[in-house]
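Novice: What follows is the file final.cif, containing mmCIF, C-alpha atoms:
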data_input
#
loop_
_atom_site.label_atom_id
_atom_site.label_comp_id
_atom_site.auth_asym_id
_atom_site.auth_seq_id
_atom_site.Cartn_x
_atom_site.Cartn_y
_atom_site.Cartn_z
CA MET U 1 -71.27 172.62 144.93
CA HIS U 2 -71.74 169.61 142.64
CA ASN U 3 -68.73 168.45 140.64
CA LYS U 4 -69.52 167.37 137.08
CA LEU U 5 -68.12 163.86 136.77
CA PHE U 6 -65.74 162.78 134.03
CA ILE U 7 -64.52 159.81 136.08
CA PRO U 8 -65.02 156.29 134.69
CA GLY U 9 -68.06 155.70 136.90
CA PRO U 10 -70.24 156.70 138.48
CA THR U 11 -70.88 159.04 135.59
CA GLU U 12 -72.83 162.28 135.49
CA VAL U 13 -76.61 161.79 135.90
CA LYS U 14 -78.99 164.27 134.29
CA GLU U 15 -81.71 166.02 136.30
CA ASP U 16 -84.60 164.38 134.39
CA VAL U 17 -83.17 160.94 135.21
CA LEU U 18 -82.75 161.78 138.91
CA LYS U 19 -86.42 162.82 139.07
CA GLN U 20 -87.44 159.32 138.00
CA LEU U 21 -85.91 157.97 141.23
CA SER U 22 -88.46 159.84 143.33
CA LYS U 23 -91.59 158.26 141.84
CA PRO U 24 -94.00 156.62 144.32
CA MET U 25 -93.42 152.96 145.14
CA ILE U 26 -95.43 150.10 143.68
CA SER U 27 -95.74 146.42 144.57
CA HIS U 28 -93.05 144.35 142.90
CA ARG U 29 -95.60 141.56 142.49
CA GLY U 30 -98.35 143.69 140.95
CA LYS U 31 -99.50 144.32 137.37
CA GLU U 32 -98.00 147.81 137.28
CA PHE U 33 -94.57 146.40 138.05
CA SER U 34 -94.92 143.64 135.45
CA ALA U 35 -95.72 146.25 132.81
CA LEU U 36 -92.62 148.23 133.82
CA TYR U 37 -90.45 145.11 133.82
CA SER U 38 -91.73 144.07 130.40
CA GLU U 39 -91.01 147.50 128.92
CA ILE U 40 -87.45 147.59 130.26
CA THR U 41 -86.48 144.07 129.21
CA GLN U 42 -87.85 144.49 125.69
CA LYS U 43 -85.93 147.76 125.30
CA LEU U 44 -82.75 146.07 126.55
CA GLN U 45 -83.23 143.41 123.86
CA LYS U 46 -83.38 146.16 121.24
CA LEU U 47 -80.27 147.87 122.62
CA LEU U 48 -78.34 144.59 122.57
CA TYR U 49 -79.75 143.27 119.27
CA THR U 50 -80.84 140.04 120.91
CA GLU U 51 -83.79 137.67 121.18
CA ASN U 52 -82.32 136.32 124.44
CA PRO U 53 -84.12 137.30 127.65
CA CYS U 54 -82.62 140.27 129.47
CA PHE U 55 -82.57 140.23 133.25
CA ILE U 56 -82.30 142.89 135.95
CA SER U 57 -80.20 142.27 139.06
CA THR U 58 -80.26 144.49 142.13
CA SER U 59 -76.50 144.27 142.54
CA SER U 60 -73.34 145.61 141.04
CA ALA U 61 -71.99 144.01 137.87
CA ILE U 62 -69.55 142.08 140.08
CA GLY U 63 -72.54 140.12 141.38
CA VAL U 64 -73.46 139.05 137.85
CA MET U 65 -69.81 138.25 137.10
CA GLU U 66 -69.85 135.85 140.04
CA ALA U 67 -73.19 134.49 138.83
CA CYS U 68 -71.58 133.69 135.48
CA VAL U 69 -68.93 131.64 137.24
CA ARG U 70 -71.40 129.74 139.42
CA ASN U 71 -73.89 129.08 136.62
CA CYS U 72 -71.65 128.42 133.64
CA VAL U 73 -68.24 126.99 134.60
CA ARG U 74 -68.56 123.23 134.58
CA LYS U 75 -64.90 122.30 135.06
CA LYS U 76 -62.48 124.87 133.69
CA SER U 77 -62.69 128.39 132.28
CA LEU U 78 -60.40 130.51 130.13
CA ASN U 79 -60.01 134.05 131.46
CA LEU U 80 -58.68 136.79 129.20
CA VAL U 81 -56.78 139.29 131.37
CA CYS U 82 -55.52 142.69 130.19
CA GLY U 83 -55.96 144.91 133.26
CA ALA U 84 -57.38 145.24 136.77
CA PHE U 85 -61.02 144.45 136.03
CA SER U 86 -60.44 141.47 133.76
CA LYS U 87 -58.08 140.16 136.45
CA LYS U 88 -60.87 140.54 139.00
CA TRP U 89 -63.05 138.13 137.01
CA ALA U 90 -60.25 135.54 137.13
CA ASP U 91 -59.99 136.12 140.89
CA ILE U 92 -63.73 135.49 141.22
CA VAL U 93 -63.38 132.16 139.40
CA LYS U 94 -60.74 131.08 141.91
CA ALA U 95 -62.79 132.38 144.86
CA CYS U 96 -65.67 130.15 143.69
CA ASN U 97 -63.32 127.13 143.77
CA LYS U 98 -63.44 126.70 140.00
CA GLU U 99 -60.43 125.94 137.85
CA CYS U 100 -59.26 128.49 135.30
CA ASP U 101 -56.43 129.21 132.91
CA ILE U 102 -55.43 132.79 132.18
CA ILE U 103 -54.23 134.49 129.04
CA LYS U 104 -52.50 137.57 130.41
CA VAL U 105 -51.13 140.43 128.36
CA GLU U 106 -49.34 143.54 129.56
CA ASP U 107 -51.68 146.24 130.91
CA GLY U 108 -52.79 148.42 128.03
CA LYS U 109 -52.32 145.68 125.44
CA ALA U 110 -55.28 143.94 123.81
CA ILE U 111 -56.20 140.26 123.78
CA LYS U 112 -55.71 138.96 120.22
CA PRO U 113 -57.97 136.32 118.64
CA GLU U 114 -55.05 134.01 117.76
CA MET U 115 -54.16 133.81 121.49
CA VAL U 116 -57.68 132.59 122.23
CA GLU U 117 -57.64 130.14 119.30
CA GLU U 118 -54.42 128.56 120.52
CA LYS U 119 -55.94 127.84 123.93
CA LEU U 120 -59.41 126.75 122.84
CA LYS U 121 -58.18 124.18 120.32
CA THR U 122 -56.82 122.15 123.25
CA GLY U 123 -60.41 121.31 124.21
CA GLU U 124 -59.72 121.96 127.89
CA TYR U 125 -62.32 124.69 128.49
CA ASP U 126 -66.09 124.90 128.86
CA SER U 127 -66.32 128.68 129.26
CA VAL U 128 -64.59 131.91 128.25
CA PHE U 129 -64.60 135.24 130.11
CA LEU U 130 -63.77 138.43 128.24
CA THR U 131 -63.77 142.03 129.43
CA HIS U 132 -64.78 144.06 126.37
CA ASN U 133 -63.61 147.46 127.58
CA GLU U 134 -60.88 147.53 130.25
CA THR U 135 -61.72 150.62 132.30
CA SER U 136 -58.37 150.66 134.09
CA THR U 137 -56.32 150.98 130.89
CA GLY U 138 -58.64 152.68 128.41
CA GLY U 139 -58.28 149.71 126.08
CA MET U 140 -60.99 147.91 124.13
CA ASN U 141 -60.52 144.27 123.14
CA PRO U 142 -61.47 143.13 119.60
CA LEU U 143 -64.80 141.57 120.55
CA GLU U 144 -65.85 140.82 116.98
CA GLU U 145 -62.69 138.86 116.14
CA ILE U 146 -62.60 136.98 119.45
CA ALA U 147 -66.29 136.09 119.08
CA GLU U 148 -65.55 134.53 115.67
CA VAL U 149 -62.96 132.28 117.31
CA VAL U 150 -65.26 131.21 120.15
CA LYS U 151 -68.06 130.38 117.67
CA LYS U 152 -65.93 127.50 116.41
CA TYR U 153 -66.44 125.79 119.77
CA PRO U 154 -70.23 125.52 120.21
CA ASP U 155 -70.10 123.86 123.64
CA ILE U 156 -68.27 126.82 125.20
CA ILE U 157 -70.24 129.44 127.10
CA PHE U 158 -69.02 132.91 126.05
CA MET U 159 -69.46 135.62 128.71
CA VAL U 160 -68.58 139.27 128.20
CA ASP U 161 -68.15 142.05 130.76
CA CYS U 162 -69.60 145.06 128.93
CA VAL U 163 -69.62 147.24 132.06
CA SER U 164 -68.01 150.30 130.49
CA SER U 165 -69.14 149.72 126.90
CA MET U 166 -72.82 148.72 126.96
CA ALA U 167 -75.03 151.66 125.86
CA GLY U 168 -71.96 153.48 124.55
CA VAL U 169 -70.70 151.00 121.96
CA LYS U 170 -72.72 148.80 119.61
CA ILE U 171 -72.86 145.21 120.89
CA GLU U 172 -74.80 142.81 118.67
CA VAL U 173 -75.25 139.95 121.12
CA ASP U 174 -76.93 137.38 118.86
CA ARG U 175 -74.74 137.96 115.81
CA LEU U 176 -71.61 137.68 117.97
CA GLY U 177 -72.84 134.58 119.78
CA ILE U 178 -72.49 136.08 123.26
CA ASP U 179 -74.15 133.89 125.89
CA VAL U 180 -74.05 136.45 128.71
CA ALA U 181 -73.47 140.18 128.17
CA LEU U 182 -73.49 142.10 131.44
CA ALA U 183 -73.18 145.67 132.68
CA SER U 184 -73.99 147.87 135.62
CA VAL U 185 -75.87 151.11 135.00
CA GLN U 186 -73.54 153.75 136.44
CA LYS U 187 -71.34 154.07 133.34
CA CYS U 188 -72.67 154.41 129.77
CA PHE U 189 -76.30 154.14 130.92
CA ALA U 190 -75.68 157.28 133.04
CA LEU U 191 -77.73 156.20 136.06
CA PRO U 192 -76.77 156.12 139.74
CA PRO U 193 -75.14 152.80 140.76
CA GLY U 194 -77.40 150.11 142.20
CA ILE U 195 -78.52 147.64 139.55
CA ALA U 196 -77.01 145.53 136.78
CA VAL U 197 -78.49 144.17 133.55
CA PHE U 198 -77.56 141.15 131.47
CA SER U 199 -78.71 139.10 128.51
CA CYS U 200 -78.71 135.33 128.95
CA SER U 201 -78.82 132.70 126.19
CA LYS U 202 -80.69 129.42 126.22
CA LYS U 203 -77.28 127.68 126.19
CA ALA U 204 -76.27 129.49 129.40
CA ILE U 205 -79.58 128.52 131.04
CA GLU U 206 -79.10 124.87 130.03
CA ARG U 207 -75.57 124.91 131.48
CA SER U 208 -76.97 126.37 134.70
CA LYS U 209 -79.48 123.51 134.95
CA GLU U 210 -76.57 121.05 134.95
CA LEU U 211 -74.76 122.65 137.87
CA SER U 212 -75.36 122.60 141.62
CA ASN U 213 -74.17 124.81 144.51
CA LYS U 214 -75.07 128.01 142.64
CA GLY U 215 -76.79 129.66 145.56
CA TYR U 216 -80.21 131.24 145.03
CA TYR U 217 -79.93 135.02 144.51
CA PHE U 218 -77.95 134.64 141.26
CA ASP U 219 -79.34 131.36 139.91
CA PHE U 220 -80.00 131.86 136.17
CA VAL U 221 -82.75 129.21 136.23
CA GLU U 222 -84.57 131.20 138.94
CA PHE U 223 -84.02 134.43 137.01
CA LEU U 224 -85.75 132.88 133.99
CA LYS U 225 -88.61 131.43 136.05
CA TYR U 226 -89.49 134.84 137.45
CA HIS U 227 -88.75 136.59 134.15
CA GLU U 228 -91.46 134.51 132.50
CA LYS U 229 -93.88 135.92 135.09
CA LEU U 230 -92.54 139.45 134.38
CA GLN U 231 -91.04 139.61 137.86
CA THR U 232 -87.67 139.53 139.61
CA ILE U 233 -86.52 136.86 142.07
CA SER U 234 -86.64 139.22 145.03
CA THR U 235 -87.58 142.84 145.69
CA PRO U 236 -85.65 144.94 143.17
CA SER U 237 -84.64 148.59 143.28
CA ILE U 238 -87.84 149.94 141.74
CA PRO U 239 -86.56 153.56 141.63
CA HIS U 240 -83.64 152.43 139.46
CA MET U 241 -86.05 150.61 137.18
CA TYR U 242 -88.10 153.76 136.63
CA ALA U 243 -84.90 155.63 135.80
CA LEU U 244 -83.62 152.87 133.50
CA ASN U 245 -86.91 152.74 131.60
CA HIS U 246 -86.80 156.51 131.11
CA GLN U 247 -83.16 156.40 130.03
CA LEU U 248 -83.75 153.57 127.55
CA ASP U 249 -86.45 155.69 125.91
CA LYS U 250 -83.93 158.52 125.56
CA ILE U 251 -81.29 156.17 124.16
CA LEU U 252 -83.48 154.30 121.69
CA THR U 253 -86.01 156.93 120.68
CA GLN U 254 -84.90 160.45 121.59
CA GLU U 255 -81.22 160.20 120.64
CA GLY U 256 -81.24 156.90 118.76
CA ASP U 257 -78.79 154.16 119.62
CA GLU U 258 -76.71 154.57 116.45
CA ASN U 259 -76.39 158.31 117.15
CA ARG U 260 -75.37 157.51 120.71
CA PHE U 261 -72.64 155.14 119.56
CA ALA U 262 -71.42 157.75 117.05
CA ARG U 263 -71.33 160.43 119.79
CA HIS U 264 -69.16 158.22 121.99
CA LYS U 265 -66.83 157.55 119.07
CA GLU U 266 -66.54 161.28 118.36
CA MET U 267 -65.80 162.11 122.02
CA GLY U 268 -63.20 159.32 122.17
CA GLN U 269 -61.44 160.48 119.02
CA PHE U 270 -61.38 164.10 120.16
CA THR U 271 -59.90 163.15 123.54
CA ARG U 272 -57.23 160.97 121.92
CA ASN U 273 -56.28 163.78 119.56
CA TRP U 274 -56.07 166.19 122.50
CA THR U 275 -53.80 163.74 124.34
CA ILE U 276 -51.28 163.60 121.50
CA LYS U 277 -51.50 167.33 120.80
CA ASN U 278 -50.55 168.08 124.39
CA GLY U 279 -47.45 165.90 124.36
CA PHE U 280 -48.85 162.88 126.20
CA GLU U 281 -49.17 159.30 125.01
CA LEU U 282 -52.15 156.96 125.05
CA PHE U 283 -51.79 154.08 127.49
CA ALA U 284 -53.84 151.67 125.37
CA GLU U 285 -52.30 149.83 122.46
CA LYS U 286 -52.68 151.65 119.15
CA GLY U 287 -55.81 150.55 117.32
CA PHE U 288 -57.44 149.19 120.47
CA GLU U 289 -58.37 152.43 122.25
CA SER U 290 -61.70 152.78 124.06
CA ASN U 291 -64.43 155.13 122.89
CA THR U 292 -65.80 155.51 126.42
CA VAL U 293 -62.71 156.23 128.55
CA THR U 294 -59.24 157.50 127.62
CA CYS U 295 -56.28 156.53 129.76
CA VAL U 296 -53.45 159.06 129.32
CA LYS U 297 -49.86 158.02 130.01
CA ASN U 298 -48.24 160.65 132.25
CA THR U 299 -45.21 161.12 130.01
CA LYS U 300 -44.82 164.75 131.15
CA ASP U 301 -44.55 163.71 134.81
CA ILE U 302 -47.22 166.12 136.03
CA ASN U 303 -48.69 165.91 139.53
CA VAL U 304 -51.96 164.21 138.60
CA SER U 305 -53.54 164.39 142.07
CA GLU U 306 -52.84 168.11 142.30
CA LEU U 307 -54.26 168.74 138.82
CA ILE U 308 -57.43 166.83 139.68
CA LYS U 309 -57.77 168.79 142.93
CA THR U 310 -57.30 172.15 141.19
CA THR U 311 -59.76 171.33 138.43
CA LYS U 312 -62.38 170.37 141.01
CA GLU U 313 -61.84 173.41 143.20
CA LYS U 314 -61.72 176.00 140.41
CA TYR U 315 -64.20 174.60 137.89
CA ASN U 316 -66.23 171.89 139.65
CA LEU U 317 -65.08 169.38 137.06
CA GLU U 318 -63.68 166.01 138.12
CA PHE U 319 -61.67 163.50 136.09
CA GLY U 320 -59.90 160.35 137.27
CA ASN U 321 -56.43 159.37 138.40
CA GLY U 322 -54.90 156.12 137.22
CA TYR U 323 -56.32 152.94 138.73
CA GLY U 324 -54.34 150.90 141.27
CA GLU U 325 -50.68 150.62 140.29
CA LEU U 326 -51.29 153.08 137.45
CA LYS U 327 -52.11 155.94 139.85
CA GLU U 328 -50.05 159.05 138.98
CA LYS U 329 -48.52 157.10 136.07
CA THR U 330 -51.71 157.74 134.13
CA PHE U 331 -54.94 159.70 134.37
CA ARG U 332 -58.34 158.82 132.96
CA ILE U 333 -60.96 160.94 131.24
CA ALA U 334 -64.37 159.33 130.83
CA HIS U 335 -66.49 160.39 127.88
CA MET U 336 -69.47 158.17 128.38
CA GLY U 337 -73.17 158.26 129.16
CA ASP U 338 -74.98 161.52 128.47
CA MET U 339 -71.82 163.62 128.14
CA THR U 340 -71.59 165.78 125.02
CA LEU U 341 -68.57 166.66 122.94
CA GLU U 342 -68.89 170.29 124.07
CA GLU U 343 -68.70 169.23 127.73
CA VAL U 344 -65.62 167.11 127.01
CA LYS U 345 -63.99 170.04 125.17
CA ASP U 346 -64.71 172.31 128.13
CA LEU U 347 -63.00 169.91 130.56
CA LEU U 348 -59.96 169.47 128.32
CA GLU U 349 -59.59 173.25 127.86
CA LYS U 350 -59.59 173.68 131.65
CA ILE U 351 -57.04 170.91 132.16
CA GLU U 352 -54.82 172.41 129.48
CA LYS U 353 -55.09 175.84 131.07
CA GLU U 354 -54.09 174.53 134.51
CA MET U 355 -51.16 172.52 133.11
CA LYS U 356 -49.76 175.72 131.58
#
Can you dump the structure from the file as structure tokens?

Specialist:
Amino acid sequence: MHNKLFIPGPTEVKEDVLKQLSKPMISHRGKEFSALYSEITQKLQKLLYTENPCFISTSSAIGVMEACVRNCVRKKSLNLVCGAFSKKWADIVKACNKECDIIKVEDGKAIKPEMVEEKLKTGEYDSVFLTHNETSTGGMNPLEEIAEVVKKYPDIIFMVDCVSSMAGVKIEVDRLGIDVALASVQKCFALPPGIAVFSCSKKAIERSKELSNKGYYFDFVEFLKYHEKLQTISTPSIPHMYALNHQLDKILTQEGDENRFARHKEMGQFTRNWTIKNGFELFAEKGFESNTVTCVKNTKDINVSELIKTTKEKYNLEFGNGYGELKEKTFRIAHMGDMTLEEVKDLLEKIEKEMK
């Protein structure tokens, strides 16, 4: 029996989306593919409010995160770390033999713009890496305010991990001055894992042209060269592209992107209210809570693993334990993708019932 997923990725995938994955194959160098590619990339531009080209990578988002390092860090980056996934990006910088400084706050806390300002005014950095929504803590960094700080330094490349926010939260790439905004599709896009998408500014492309030893698969200059021919560098996951095109139509036309963002906000607020009502605390700093995933502090010392197991076995509903060192200390409820408020309410009612 299938368990409905309320984990922070992969998220639940609707039947109509799954059907798109079974369409017949086409040549990735043919006209039919180019038409599909063109449709998807133009819709991604609309979703992200950008004139920048949007690329498709047959990889996880981690691949694009590494690509950002290889293509955009000239000498030294500033990494903003507030949890496990933002830390991973800093680890990738080091693994690519690039120099980086880290602003680290306690897990659950948010990066503040004044922290970024203090570092950037030293003139030491050519790039900044920010995780918008920290999936491990249920916290969302103040992207708007941090973007305003980075704009003061026009030579810096500003790259944002939007993995668990893109398609669930409004991200106005051009207005915010984001050079690379990246995400994989198994979270708010509500597709099976397998591809990633990202917008890429002219400034990021020009930085890439300066640098060597970038490899080939993730070279932004190569991405652009093939993009201009309405193609991908190498054979992509065509089934995922069919599904993404279908899903983008649902997001932009059927539901409407503003309605989608509002639905995520409503689900997030309801889940936070439920958390407090049931005697728990929110792990994320007050005022910086995510609208796509809620991380609940286990202040009642319940057996989280046992509760997850019971909820799966009795109701075929699955939510998430804490991530890494936060396992059992927290649990996570994702309210992202195509989930509705009614589905979230149903899960929370079942959890509440089992806790009693």

Novice: If I take CA of Asp161 in chain U and CA of Gly63 in chain U, how far is one from the other in Å, to one decimal?

Specialist: 11.7 Å

Novice: When you draw a straight line from CA of Leu176 in chain U to CA of Lys203 in chain U, how long is it in Å?

Specialist: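 Interatomic distance, CA of Leu176 in chain U to CA of Lys203 in chain U: 14.1 Å.
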
Novice: Which distance in Å separates CA of Ile178 in chain U and CA of Ala204 in chain U, to one decimal?

Specialist: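 Taking CA of Ile178 in chain U and CA of Ala204 in chain U, their separation equals 9.8 Å.
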
Novice: List the neighbours of Val93 in chain U out to 9 Å using only C-alpha atoms; skip same-chain residues closer than 3 positions along the sequence, and give me the result as a list of chain:residue names.

Specialist: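 My reading of the contact set: U:Glu66, U:Val69, U:Arg70, U:Val73, U:Ser77, U:Asn79, U:Lys88, U:Trp89, U:Ala90, U:Cys96, U:Asn97, U:Lys98, U:Glu99, U:Cys100.
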
Novice: Please write the residues picked by the PyMOL selection byres ((chain U and resi 50) around 10) on this file as a PDB file with C-alpha atoms, in the coordinates of the input.

Specialist:
ATOM      1  CA  GLN U  42     -87.850 144.490 125.690  1.00  0.00           C
ATOM      2  CA  LEU U  44     -82.750 146.070 126.550  1.00  0.00           C
ATOM      3  CA  GLN U  45     -83.230 143.410 123.860  1.00  0.00           C
ATOM      4  CA  LYS U  46     -83.380 146.160 121.240  1.00  0.00           C
ATOM      5  CA  LEU U  47     -80.270 147.870 122.620  1.00  0.00           C
ATOM      6  CA  LEU U  48     -78.340 144.590 122.570  1.00  0.00           C
ATOM      7  CA  TYR U  49     -79.750 143.270 119.270  1.00  0.00           C
ATOM      8  CA  GLU U  51     -83.790 137.670 121.180  1.00  0.00           C
ATOM      9  CA  ASN U  52     -82.320 136.320 124.440  1.00  0.00           C
ATOM     10  CA  PRO U  53     -84.120 137.300 127.650  1.00  0.00           C
ATOM     11  CA  CYS U  54     -82.620 140.270 129.470  1.00  0.00           C
ATOM     12  CA  ILE U 171     -72.860 145.210 120.890  1.00  0.00           C
ATOM     13  CA  GLU U 172     -74.800 142.810 118.670  1.00  0.00           C
ATOM     14  CA  VAL U 173     -75.250 139.950 121.120  1.00  0.00           C
ATOM     15  CA  ASP U 174     -76.930 137.380 118.860  1.00  0.00           C
ATOM     16  CA  ARG U 175     -74.740 137.960 115.810  1.00  0.00           C
ATOM     17  CA  LEU U 176     -71.610 137.680 117.970  1.00  0.00           C
ATOM     18  CA  GLY U 177     -72.840 134.580 119.780  1.00  0.00           C
ATOM     19  CA  ILE U 178     -72.490 136.080 123.260  1.00  0.00           C
ATOM     20  CA  SER U 199     -78.710 139.100 128.510  1.00  0.00           C
ATOM     21  CA  CYS U 200     -78.710 135.330 128.950  1.00  0.00           C
ATOM     22  CA  SER U 201     -78.820 132.700 126.190  1.00  0.00           C
TER      23      SER U 201
END
